[in-house]
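Below is protein-v2.txt, holding compact mmCIF, C-alpha atoms.
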# COMPACT_ATOMS: atom_id res chain seq x y z
CA MET A 116 21.00 -12.25 -9.77
CA GLU A 117 20.63 -13.87 -6.41
CA ARG A 118 23.94 -15.12 -5.07
CA ASP A 119 25.60 -16.19 -1.86
CA GLU A 120 26.79 -13.28 0.25
CA PRO A 121 26.19 -12.03 3.78
CA ARG A 122 22.58 -10.96 4.10
CA TYR A 123 23.35 -7.84 6.09
CA GLU A 124 26.10 -6.19 8.05
CA THR A 125 26.59 -6.82 11.75
CA LEU A 126 24.34 -4.37 13.57
CA SER A 127 24.12 -3.41 17.19
CA VAL A 128 20.68 -3.98 18.60
CA SER A 129 21.48 -2.54 22.01
CA ALA A 130 21.99 0.96 20.66
CA ARG A 131 19.30 3.57 20.86
CA PRO A 132 16.64 3.03 18.16
CA SER A 133 17.28 5.15 15.08
CA ALA A 134 15.18 5.78 11.98
CA LEU A 135 18.41 5.51 9.97
CA ALA A 136 19.43 2.09 11.32
CA PRO A 137 18.02 0.13 8.32
CA PHE A 138 20.20 2.19 5.96
CA ARG A 139 23.28 0.51 7.39
CA VAL A 140 22.19 -2.45 5.26
CA ARG A 141 23.59 -2.06 1.75
CA ASN A 142 20.60 -3.62 -0.01
CA TYR A 143 18.16 -1.43 1.88
CA ARG A 144 20.00 1.63 0.54
CA PHE A 145 19.02 0.48 -2.94
CA GLN A 146 15.50 -0.68 -2.19
CA TRP A 147 14.31 2.37 -0.27
CA PRO A 148 14.83 4.91 -3.11
CA ALA A 149 13.46 2.38 -5.61
CA ASP A 150 10.29 2.10 -3.53
CA LEU A 151 10.22 5.88 -3.15
CA PHE A 152 10.27 6.57 -6.90
CA THR A 153 7.62 3.92 -7.52
CA SER A 154 5.35 5.37 -4.85
CA TRP A 155 5.76 8.89 -6.22
CA ALA A 156 4.82 7.69 -9.69
CA PHE A 157 1.82 5.76 -8.33
CA GLU A 158 0.49 8.83 -6.53
CA MET A 159 1.00 11.12 -9.51
CA GLU A 160 -0.82 8.69 -11.80
CA THR A 161 -3.72 8.22 -9.40
CA LEU A 162 -4.40 11.94 -9.07
CA ILE A 163 -3.78 12.83 -12.71
CA LEU A 164 -5.92 10.04 -14.16
CA GLY A 165 -8.67 10.56 -11.58
CA TRP A 166 -8.90 14.27 -12.36
CA TYR A 167 -8.71 13.63 -16.12
CA VAL A 168 -11.58 11.13 -16.04
CA LEU A 169 -13.71 13.31 -13.76
CA VAL A 170 -13.25 16.43 -15.91
CA THR A 171 -13.69 14.74 -19.30
CA THR A 172 -16.68 12.59 -18.31
CA GLY A 173 -18.22 14.51 -15.40
CA SER A 174 -19.14 11.21 -13.74
CA VAL A 175 -18.24 10.31 -10.15
CA LEU A 176 -19.17 6.71 -10.95
CA LEU A 177 -16.58 6.54 -13.76
CA LEU A 178 -14.08 8.14 -11.37
CA THR A 179 -14.62 5.27 -8.93
CA VAL A 180 -14.43 2.77 -11.82
CA VAL A 181 -10.99 3.97 -12.98
CA ALA A 182 -9.78 4.03 -9.37
CA SER A 183 -11.10 0.49 -8.88
CA LEU A 184 -9.42 -0.84 -12.03
CA THR A 185 -6.00 -0.24 -10.51
CA TYR A 186 -6.79 -2.97 -7.98
CA VAL A 187 -8.11 -5.75 -10.23
CA GLY A 188 -4.83 -7.62 -9.80
CA THR A 189 -5.58 -8.32 -6.15
CA LEU A 190 -7.23 -11.54 -7.36
CA ILE A 191 -3.92 -12.82 -8.75
CA ALA A 192 -1.73 -11.37 -5.98
CA PRO A 193 -1.41 -14.75 -4.21
CA LEU A 194 -0.10 -16.28 -7.44
CA LEU A 195 2.45 -13.49 -7.75
CA GLY A 196 3.43 -14.27 -4.16
CA VAL A 197 4.09 -17.86 -5.22
CA ILE A 198 6.19 -16.61 -8.14
CA GLY A 199 8.15 -14.36 -5.80
CA ASP A 200 8.91 -17.29 -3.50
CA ARG A 201 10.15 -19.26 -6.52
CA ILE A 202 12.15 -16.76 -8.64
CA GLY A 203 13.08 -14.31 -5.90
CA HIS A 204 11.25 -11.21 -4.71
CA ARG A 205 13.88 -8.87 -6.19
CA ASN A 206 13.49 -10.38 -9.67
CA LEU A 207 9.72 -10.22 -9.51
CA LEU A 208 9.69 -6.64 -8.25
CA ALA A 209 12.06 -5.43 -10.98
CA SER A 210 9.90 -7.07 -13.67
CA MET A 211 6.75 -5.48 -12.26
CA ARG A 212 8.31 -2.02 -12.26
CA ALA A 213 9.50 -2.39 -15.83
CA ALA A 214 5.87 -3.17 -16.72
CA TYR A 215 4.70 0.03 -14.98
CA MET A 216 7.16 1.99 -17.09
CA LEU A 217 5.82 0.41 -20.30
CA PHE A 218 2.19 1.21 -19.41
CA SER A 219 2.92 4.80 -18.43
CA ALA A 220 5.01 5.31 -21.58
CA THR A 221 1.97 4.25 -23.61
CA LEU A 222 -0.24 6.85 -21.89
CA MET A 223 2.51 9.45 -22.29
CA THR A 224 2.69 8.83 -26.04
CA LEU A 225 -1.10 9.06 -26.42
CA ALA A 226 -1.21 12.28 -24.43
CA LEU A 227 1.68 13.95 -26.28
CA THR A 228 0.14 13.06 -29.66
CA GLY A 229 -3.30 14.34 -28.63
CA THR A 230 -4.98 10.96 -29.06
CA LEU A 231 -5.66 10.17 -25.39
CA ARG A 232 -9.27 9.24 -24.62
CA PRO A 233 -11.00 8.03 -21.42
CA ALA A 234 -11.49 4.60 -23.00
CA TYR A 235 -7.72 4.22 -23.43
CA VAL A 236 -7.21 5.24 -19.80
CA PHE A 237 -9.57 2.47 -18.69
CA VAL A 238 -7.69 -0.12 -20.77
CA ILE A 239 -4.23 0.87 -19.48
CA ALA A 240 -5.52 1.17 -15.91
CA THR A 241 -6.83 -2.40 -16.17
CA LEU A 242 -3.52 -3.77 -17.46
CA ALA A 243 -1.49 -1.91 -14.83
CA GLY A 244 -4.01 -2.96 -12.20
CA LEU A 245 -3.19 -6.62 -12.81
CA VAL A 246 0.29 -6.05 -11.39
CA ARG A 247 0.29 -2.89 -9.30
CA PRO A 248 -1.60 -4.11 -6.18
CA SER A 249 1.12 -6.69 -5.51
CA ASP A 250 3.91 -4.10 -5.32
CA ILE A 251 3.47 -3.33 -1.62
CA GLY A 252 3.38 -6.99 -0.67
CA VAL A 253 6.43 -7.96 -2.72
CA ARG A 254 8.46 -5.03 -1.43
CA GLY A 255 7.50 -6.00 2.13
CA ALA A 256 8.65 -9.57 1.59
CA LEU A 257 11.92 -8.27 0.12
CA VAL A 258 12.52 -5.99 3.12
CA ALA A 259 12.01 -8.96 5.46
CA THR A 260 14.63 -10.86 3.44
CA ILE A 261 17.37 -8.21 3.41
CA VAL A 262 17.20 -6.75 6.95
CA PRO A 263 17.76 -8.51 10.29
CA HIS A 264 14.74 -9.49 12.37
CA GLU A 265 15.39 -6.93 15.11
CA LEU A 266 15.25 -4.08 12.57
CA LEU A 267 12.05 -5.24 10.85
CA LEU A 268 9.65 -2.85 12.61
CA GLY A 269 11.93 0.10 11.97
CA ALA A 270 12.61 -0.94 8.37
CA MET A 271 8.91 -1.37 7.58
CA SER A 272 8.17 2.02 9.17
CA VAL A 273 10.89 3.75 7.14
CA SER A 274 9.69 1.92 4.02
CA ARG A 275 6.22 3.25 4.73
CA THR A 276 7.62 6.79 4.42
CA THR A 277 8.07 6.18 0.68
CA MET A 278 4.28 6.07 0.32
CA ASP A 279 3.78 8.95 2.75
CA THR A 280 6.19 11.28 0.98
CA ALA A 281 4.63 10.25 -2.32
CA ARG A 282 1.27 11.53 -1.15
CA ILE A 283 2.97 14.81 -0.24
CA ALA A 284 5.56 15.46 -2.95
CA GLY A 285 4.01 13.16 -5.54
CA ALA A 286 0.52 14.59 -5.12
CA LEU A 287 1.64 18.22 -5.17
CA THR A 288 4.09 17.65 -8.03
CA GLY A 289 1.59 15.70 -10.09
CA ALA A 290 -1.16 18.27 -9.58
CA GLY A 291 1.27 21.11 -10.34
CA LEU A 292 2.67 19.55 -13.51
CA PHE A 293 -0.82 18.68 -14.73
CA THR A 294 -2.06 22.23 -14.09
CA VAL A 295 0.90 24.04 -15.64
CA LEU A 296 2.10 21.74 -18.44
CA GLY A 297 -0.74 19.29 -19.10
CA ILE A 298 -1.04 15.53 -18.87
CA GLY A 299 1.63 14.67 -21.49
CA PRO A 300 4.62 16.37 -19.82
CA ALA A 301 3.42 15.14 -16.43
CA TYR A 302 3.64 11.59 -17.76
CA VAL A 303 7.20 12.16 -18.96
CA ALA A 304 8.15 12.62 -15.29
CA ILE A 305 6.22 9.47 -14.34
CA VAL A 306 8.05 7.35 -16.94
CA ILE A 307 11.41 8.63 -15.68
CA LEU A 308 10.49 7.74 -12.09
CA TYR A 309 9.53 4.18 -13.06
CA GLY A 310 12.74 3.78 -15.03
CA MET A 311 14.92 4.88 -12.10
CA SER A 312 12.97 2.59 -9.77
CA THR A 313 13.57 -0.43 -12.02
CA LEU A 314 17.32 0.19 -12.18
CA LEU A 315 17.64 0.64 -8.41
CA THR A 316 15.63 -2.52 -7.73
CA LEU A 317 18.06 -4.46 -9.92
CA GLY A 318 20.83 -3.15 -7.65
CA VAL A 319 19.51 -5.21 -4.72
CA VAL A 320 21.49 -8.44 -4.26
CA THR A 321 19.51 -10.98 -2.25
CA PRO A 322 21.07 -14.00 -0.56
CA SER A 323 20.49 -17.49 -1.83
CA ARG A 324 18.00 -19.35 0.32
CA SER A 325 18.20 -22.82 1.74
CA GLN A 326 15.52 -25.12 0.43
CA PRO A 327 12.86 -26.11 2.96
CA VAL A 328 12.95 -29.74 4.00
CA ASP A 329 9.51 -30.64 2.73
CA GLN A 330 10.30 -29.29 -0.73
CA ALA A 331 13.62 -31.09 -0.82
CA LYS A 332 11.78 -34.36 -0.31
CA SER A 333 9.14 -33.81 -2.93
CA GLY A 334 9.70 -32.63 -6.48
CA ALA A 335 5.95 -32.33 -6.89
CA LEU A 336 5.88 -29.40 -4.54
CA ARG A 337 8.45 -27.57 -6.62
CA LYS A 338 6.43 -28.16 -9.78
CA SER A 339 2.97 -27.20 -8.52
CA PRO A 340 2.30 -23.46 -8.11
CA LEU A 341 -1.33 -24.17 -7.26
CA ARG A 342 -0.27 -26.44 -4.41
CA ASP A 343 2.10 -23.72 -3.22
CA LEU A 344 -0.80 -21.28 -3.30
CA LYS A 345 -3.09 -23.66 -1.42
CA GLU A 346 -0.44 -24.16 1.24
CA GLY A 347 0.03 -20.40 1.59
CA VAL A 348 -3.69 -19.77 2.13
CA SER A 349 -3.89 -22.67 4.60
CA TYR A 350 -0.81 -21.37 6.40
CA VAL A 351 -2.45 -17.98 6.93
CA TRP A 352 -5.84 -19.39 7.87
CA THR A 353 -4.51 -21.72 10.55
CA SER A 354 -2.78 -18.86 12.41
CA PRO A 355 -5.28 -16.85 14.52
CA LEU A 356 -2.93 -13.87 14.61
CA MET A 357 -2.43 -13.71 10.85
CA ARG A 358 -6.13 -14.29 10.25
CA ALA A 359 -7.02 -11.34 12.50
CA ALA A 360 -4.50 -9.10 10.73
CA MET A 361 -5.95 -10.12 7.35
CA TRP A 362 -9.45 -9.17 8.49
CA VAL A 363 -8.20 -5.76 9.64
CA ALA A 364 -6.58 -5.22 6.23
CA PHE A 365 -9.77 -6.31 4.43
CA LEU A 366 -11.93 -4.02 6.56
CA ALA A 367 -9.66 -0.99 6.09
CA ASN A 368 -9.63 -1.39 2.32
CA LEU A 369 -13.40 -1.84 2.18
CA THR A 370 -14.53 1.05 4.37
CA ALA A 371 -11.60 3.41 5.11
CA PHE A 372 -9.29 3.80 2.12
CA PRO A 373 -12.08 4.63 -0.39
CA LEU A 374 -12.80 7.88 1.48
CA THR A 375 -9.22 9.15 1.24
CA ASN A 376 -8.01 7.55 -2.00
CA GLY A 377 -10.20 7.27 -5.08
CA LEU A 378 -12.92 9.70 -3.91
CA LEU A 379 -10.66 12.68 -3.18
CA PRO A 380 -11.05 14.23 -6.67
CA TYR A 381 -14.85 14.17 -6.21
CA ILE A 382 -14.60 15.56 -2.67
CA ALA A 383 -12.34 18.41 -3.81
CA ARG A 384 -14.52 19.40 -6.76
CA ASP A 385 -18.10 18.68 -5.67
CA VAL A 386 -17.99 18.89 -1.86
CA TYR A 387 -15.47 21.71 -1.37
CA HIS A 388 -15.89 23.24 -4.86
CA THR A 389 -12.16 23.69 -5.44
CA ASP A 390 -9.58 22.77 -8.09
CA GLN A 391 -6.79 20.23 -8.46
CA THR A 392 -4.39 22.36 -6.42
CA VAL A 393 -6.54 21.96 -3.29
CA LEU A 394 -6.90 18.28 -4.22
CA GLY A 395 -3.14 18.06 -3.86
CA TYR A 396 -3.31 19.75 -0.45
CA LEU A 397 -5.97 17.33 0.79
CA SER A 398 -3.99 14.31 -0.37
CA ALA A 399 -0.75 15.72 1.04
CA SER A 400 -2.26 16.47 4.47
CA PHE A 401 -3.24 12.82 4.91
CA ALA A 402 0.29 11.84 3.92
CA VAL A 403 1.94 14.30 6.33
CA GLY A 404 0.18 12.66 9.27
CA SER A 405 1.13 9.23 7.98
CA LEU A 406 4.76 10.29 7.53
CA VAL A 407 5.00 11.61 11.09
CA ALA A 408 3.63 8.33 12.46
CA SER A 409 6.01 6.26 10.31
CA VAL A 410 9.05 8.19 11.56
CA LEU A 411 7.94 7.95 15.20
CA VAL A 412 7.38 4.18 14.97
CA SER A 413 10.77 3.72 13.29
CA MET A 414 12.46 5.26 16.35
CA THR A 415 10.68 3.13 18.93
CA ARG A 416 11.33 -0.36 20.24
CA GLY A 417 9.26 -2.81 22.26
CA VAL A 418 5.91 -1.63 20.91
CA PRO A 419 2.95 -3.99 21.52
CA VAL A 420 2.28 -4.27 17.80
CA ALA A 421 -1.11 -6.02 17.88
CA ARG A 422 -2.50 -3.50 20.35
CA LEU A 423 -1.15 -0.70 18.19
CA MET A 424 -2.97 -2.20 15.19
CA ILE A 425 -6.33 -2.10 17.00
CA VAL A 426 -5.90 1.34 18.57
CA GLY A 427 -4.64 2.84 15.31
CA THR A 428 -7.55 1.43 13.32
CA VAL A 429 -10.17 2.65 15.81
CA THR A 430 -8.64 6.14 15.82
CA TRP A 431 -8.56 6.14 12.03
CA TYR A 432 -12.29 5.48 11.82
CA CYS A 433 -13.04 8.17 14.41
CA MET A 434 -11.17 10.70 12.26
CA LEU A 435 -13.05 9.56 9.14
CA LEU A 436 -16.32 10.03 11.01
CA ALA A 437 -15.28 13.61 11.75
CA PHE A 438 -14.20 14.08 8.10
CA ALA A 439 -17.70 13.09 6.99
CA GLN A 440 -19.15 16.07 8.86
CA VAL A 441 -16.58 18.74 7.93
CA ARG A 442 -17.35 21.21 5.14
CA SER A 443 -14.40 23.58 5.52
CA VAL A 444 -11.14 22.95 3.67
CA PRO A 445 -8.82 24.01 6.57
CA PHE A 446 -10.68 21.76 9.01
CA ALA A 447 -10.71 18.93 6.46
CA ILE A 448 -6.93 19.23 6.09
CA ALA A 449 -6.49 19.04 9.88
CA VAL A 450 -8.77 16.00 10.20
CA LEU A 451 -7.07 14.23 7.29
CA LEU A 452 -3.68 14.84 8.92
CA LEU A 453 -4.84 13.02 12.07
CA ALA A 454 -6.49 10.29 9.98
CA GLY A 455 -3.23 9.75 8.12
CA PHE A 456 -1.33 9.45 11.41
CA ALA A 457 -3.70 6.74 12.67
CA GLN A 458 -3.76 4.96 9.32
CA SER A 459 0.02 4.60 9.33
CA LEU A 460 0.00 3.07 12.82
CA SER A 461 -2.65 0.58 11.70
CA MET A 462 -1.11 -0.52 8.40
CA ILE A 463 2.49 -0.72 9.65
CA SER A 464 1.28 -2.94 12.48
CA VAL A 465 -0.58 -5.24 10.08
CA LEU A 466 2.56 -5.76 7.98
CA VAL A 467 4.82 -6.34 10.96
CA VAL A 468 2.40 -8.84 12.52
CA LEU A 469 2.30 -10.83 9.27
CA LEU A 470 6.02 -10.72 8.51
CA ARG A 471 7.07 -11.56 12.07
CA THR A 472 4.68 -14.49 12.21
CA ALA A 473 5.43 -15.94 8.74
CA SER A 474 8.44 -18.18 8.12
CA GLU A 475 10.92 -17.06 5.45
CA HIS A 476 9.76 -19.59 2.84
CA PHE A 477 6.13 -18.49 3.14
CA ARG A 478 6.58 -14.71 3.16
CA GLY A 479 5.78 -14.21 -0.51
CA ARG A 480 2.62 -16.27 -0.27
CA VAL A 481 1.55 -14.59 2.98
CA MET A 482 2.01 -11.14 1.46
CA GLY A 483 0.18 -12.32 -1.66
CA VAL A 484 -2.80 -13.28 0.48
CA ARG A 485 -2.44 -9.92 2.24
CA MET A 486 -2.72 -8.17 -1.12
CA LEU A 487 -5.84 -10.21 -1.85
CA ALA A 488 -7.48 -8.22 0.96
CA ILE A 489 -7.08 -5.11 -1.21
CA TYR A 490 -9.81 -6.54 -3.45
CA SER A 491 -12.28 -5.03 -1.00
CA LEU A 492 -11.06 -1.54 -1.99
CA PRO A 493 -12.59 -1.48 -5.49
CA LEU A 494 -15.75 -2.98 -4.01
CA GLY A 495 -15.86 -0.20 -1.46
CA LEU A 496 -15.17 2.43 -4.11
CA LEU A 497 -17.91 1.22 -6.44
CA ALA A 498 -20.42 0.96 -3.60
CA ALA A 499 -19.49 4.46 -2.44
CA GLY A 500 -19.98 5.86 -5.95
CA ASN A 501 -23.50 4.49 -6.06
CA LEU A 502 -24.35 5.54 -2.51
CA ILE A 503 -23.08 9.10 -3.02
CA ASP A 504 -25.43 9.53 -5.99
CA LYS A 505 -28.35 8.42 -3.78
CA ILE A 506 -27.68 9.73 -0.26
CA GLY A 507 -24.76 12.14 -0.63
CA PHE A 508 -21.13 12.12 0.50
CA GLY A 509 -21.72 12.95 4.16
CA ALA A 510 -24.16 10.11 4.76
CA THR A 511 -22.01 7.64 2.81
CA ALA A 512 -18.83 8.52 4.69
CA THR A 513 -20.65 8.32 8.03
CA LEU A 514 -22.02 4.88 7.13
CA TYR A 515 -18.56 3.64 6.17
CA ALA A 516 -16.91 4.96 9.36
CA VAL A 517 -19.57 3.58 11.72
CA THR A 518 -19.49 0.19 9.97
CA GLY A 519 -15.71 0.13 10.33
CA LEU A 520 -15.83 0.94 14.04
CA LEU A 521 -18.33 -1.83 14.74
CA ALA A 522 -16.35 -4.36 12.70
CA ILE A 523 -12.96 -3.57 14.28
CA GLY A 524 -14.59 -3.93 17.69
CA ALA A 525 -15.82 -7.39 16.70
CA ILE A 526 -12.33 -8.38 15.47
CA ALA A 527 -10.69 -7.21 18.71
CA LEU A 528 -13.25 -9.14 20.76
CA ARG A 529 -13.02 -12.32 18.67
CA TRP A 530 -9.20 -12.53 18.87
CA ARG A 531 -8.65 -10.63 22.12
CA SER A 532 -6.22 -13.23 23.51
CA ASP A 533 -3.97 -12.87 20.44
CA LEU A 534 -4.34 -9.13 19.91
CA TRP A 535 -4.86 -7.40 23.23
CA HIS A 536 -3.14 -9.31 26.03
CA LEU A 537 0.31 -7.90 26.69
CA ARG A 538 1.73 -11.41 27.05
CA ALA A 539 0.53 -12.40 23.60
CA PRO A 540 3.44 -13.13 21.16
CA ALA A 541 2.44 -10.22 18.88
CA ASN A 542 2.75 -7.80 21.82
CA ALA A 543 6.04 -9.19 23.09
CA ARG A 544 8.59 -6.48 23.79

Would it be possible to restate this file's structure as structure tokens?
Amino acid sequence: MERDEPRYETLSVSARPSALAPFRVRNYRFQWPADLFTSWAFEMETLILGWYVLVTTGSVLLLTVVASLTYVGTLIAPLLGVIGDRIGHRNLLASMRAAYMLFSATLMTLALTGTLRPAYVFVIATLAGLVRPSDIGVRGALVATIVPHELLLGAMSVSRTTMDTARIAGALTGAGLFTVLGIGPAYVAIVILYGMSTLLTLGVVTPSRSQPVDQAKSGALRKSPLRDLKEGVSYVWTSPLMRAAMWVAFLANLTAFPLTNGLLPYIARDVYHTDQTVLGYLSASFAVGSLVASVLVSMTRGVPVARLMIVGTVTWYCMLLAFAQVRSVPFAIAVLLLAGFAQSLSMISVLVVLLRTASEHFRGRVMGVRMLAIYSLPLGLLAAGNLIDKIGFGATATLYAVTGLLAIGAIALRWRSDLWHLRAPANAR
């Protein structure tokens, strides 16, 4: 339950930056491992289900379909943001993770009884996809609630390591369990991870919040989720800085993430002609680079965040352009490592820009709108599946990377006063 208590311990901000500083906050010591277990389970499920669908159906299009289904909930993410602002982000996050456990337990039972079919995978992926895309946004809003403002960049960077380590340990563990024991036992581990995550999330105790003045004056606002949602979208759209960050997030999900997320099983099998073990290596290499960047950012202070967002995104697309041309597994691993490094700089910056700019009472709605940008990922995946069948992987990946570079250049030019000038609020040291 939410109750009145100090939000966080007194922390020294003059000390040298440390990646461990956020762990001085009691609630963060609960949330970080909860996020870690959830991220590991996500990564294991993504690789296991992607490989299962590809092997049983032989269709790259169906592979992109099942990967896309996990993001259908981006359309309702803003509404979940409203719910989080109303019932508390901790309560919402715990409920979501209990739902993940239920869905994975269903797949586990079907697999262990030998009744699992691709059609069932599509159904469960759709149900889980209604909730799963909002997890990152809700956890970000919760971090912003439980840590002091001066530790937000470091806390978000350390939180990002939960996803990075998941793509290393989760990918390799999931691929290994699937190869050695099969899909049923692999899902036993996934159910356990979700269960531990739910319990740890319930261990977070968030402070009670003061009611904003405008809501105190109007009961209608408290009773109208749709009006809350409308206000959240308007709040984002009227801020040039938040609008620019949202466009960067939309662009990355449309043209960058499809190449290193849902398409990796196809790339491993049909481009490099390898098995699921090498698939795990490819996924893990991207995560190693991301992890290194997350740790480095967590130990820095006074970073011009908006500039970092632009530079990181441009570098990311340059690495994806190189990845489109590589046909050797060792070189692909090296390029993906650099791409992961740049991706982490870009996405951490997007989150920090949004959370620093948003007021406390709008954070859930802002992060809900941020998750809405993920809707471009399934669109990008489905388009890539069709393009690969027609022009091949290399040409498709090159098209995506070049499009991304041109678009990020346009964003930087359009909002240059908010994103690039060192005196801009987002770049304040």

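Residue nearest Gly347 in chain A within the list A:Met482, A:Leu231, A:Ala367, A:Met414: A:Met482 [criterion: smallest interatomic distance, all atoms listed in the file].
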
- Query: Quick one: residues within 12 Å of Arg480 in chain A, all atoms listed in the file counted, chain neighbours fewer than 6 positions away excluded, as a PyMOL selection string?
  - Reply: chain A and resi 191-201+204+249+252-253+255-256+340-351+469-470+473-474+486-487

Give me the residues near Ala516 in chain A as a tab-separated table (two decimals) with C-alpha atoms, in the coordinates of the input, where near means some atom within 7 Å (using only C-alpha atoms) and where sequence neighbours in that chain fewer than 5 positions away do not count.
chain	number	residue	atom	x	y	z
A	370	THR	CA	-14.53	1.05	4.37
A	371	ALA	CA	-11.60	3.41	5.11
A	432	TYR	CA	-12.29	5.48	11.82
A	435	LEU	CA	-13.05	9.56	9.14
A	436	LEU	CA	-16.32	10.03	11.01

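Considering only C-alpha atoms, the residue among A:Ile489, A:Ala510, A:Leu151, A:Ile163 positioned nearest to Pro380 in chain A is A:Ile163.
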
- Task: Take CA of Ser459 in chain A and CA of Phe237 in chain A and report the distance between them in Å, one decimal.
- Result: 29.7 Å

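Taking CA of Leu451 in chain A and CA of Thr280 in chain A as endpoints, the distance between them is 15.0 Å.
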
- For Ser409 in chain A, please output as a PyMOL selection string all residues within 12 Å (counting all atoms listed in the file; exclusion window: fewer than 3 positions along the same chain). chain A and resi 134+268-280+402-406+412-415+455-464

- Message: Which residues are near Thr511 in chain A? Cut-off 8 Å, all atoms listed in the file, ignore same chain within fewer than 4 positions. Put them as a count of residues only.
- Response: 6

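CA of Val481 in chain A sits 27.7 Å away from CA of Glu160 in chain A.
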
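With all atoms listed in the file as the atoms that count, the residue of A:Pro137, A:Pro419, A:Gly479, A:Pro445 with the shortest distance to Leu266 in chain A is A:Pro137.
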
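Using all atoms listed in the file, the nearest neighbour of Leu496 in chain A within the list A:Ile239, A:Met223, A:Ile261, A:Leu369 is A:Leu369.
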
- All residues 10 Å or closer to Leu222 in chain A, only C-alpha atoms, same chain fewer than 5 positions away omitted, as a PyMOL selection string: chain A and resi 217+227-228+230-232+235-236+239-240+298-299+302-303+306

- Message: Distance cut-off 10 Å, centre (-10.5, -2.3, -7.2) in file coordinates, counting all atoms listed in the file: which residues qualify? Return them as a PyMOL selection string.
- Response: chain A and resi 179-190+241+244+248+368-369+373+377+489-497

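Between Ala447 in chain A and the residues A:Ala243, A:Asp385, A:Tyr396, A:Leu466, the shortest atom-to-atom distance, using all atoms listed in the file, involves A:Tyr396.
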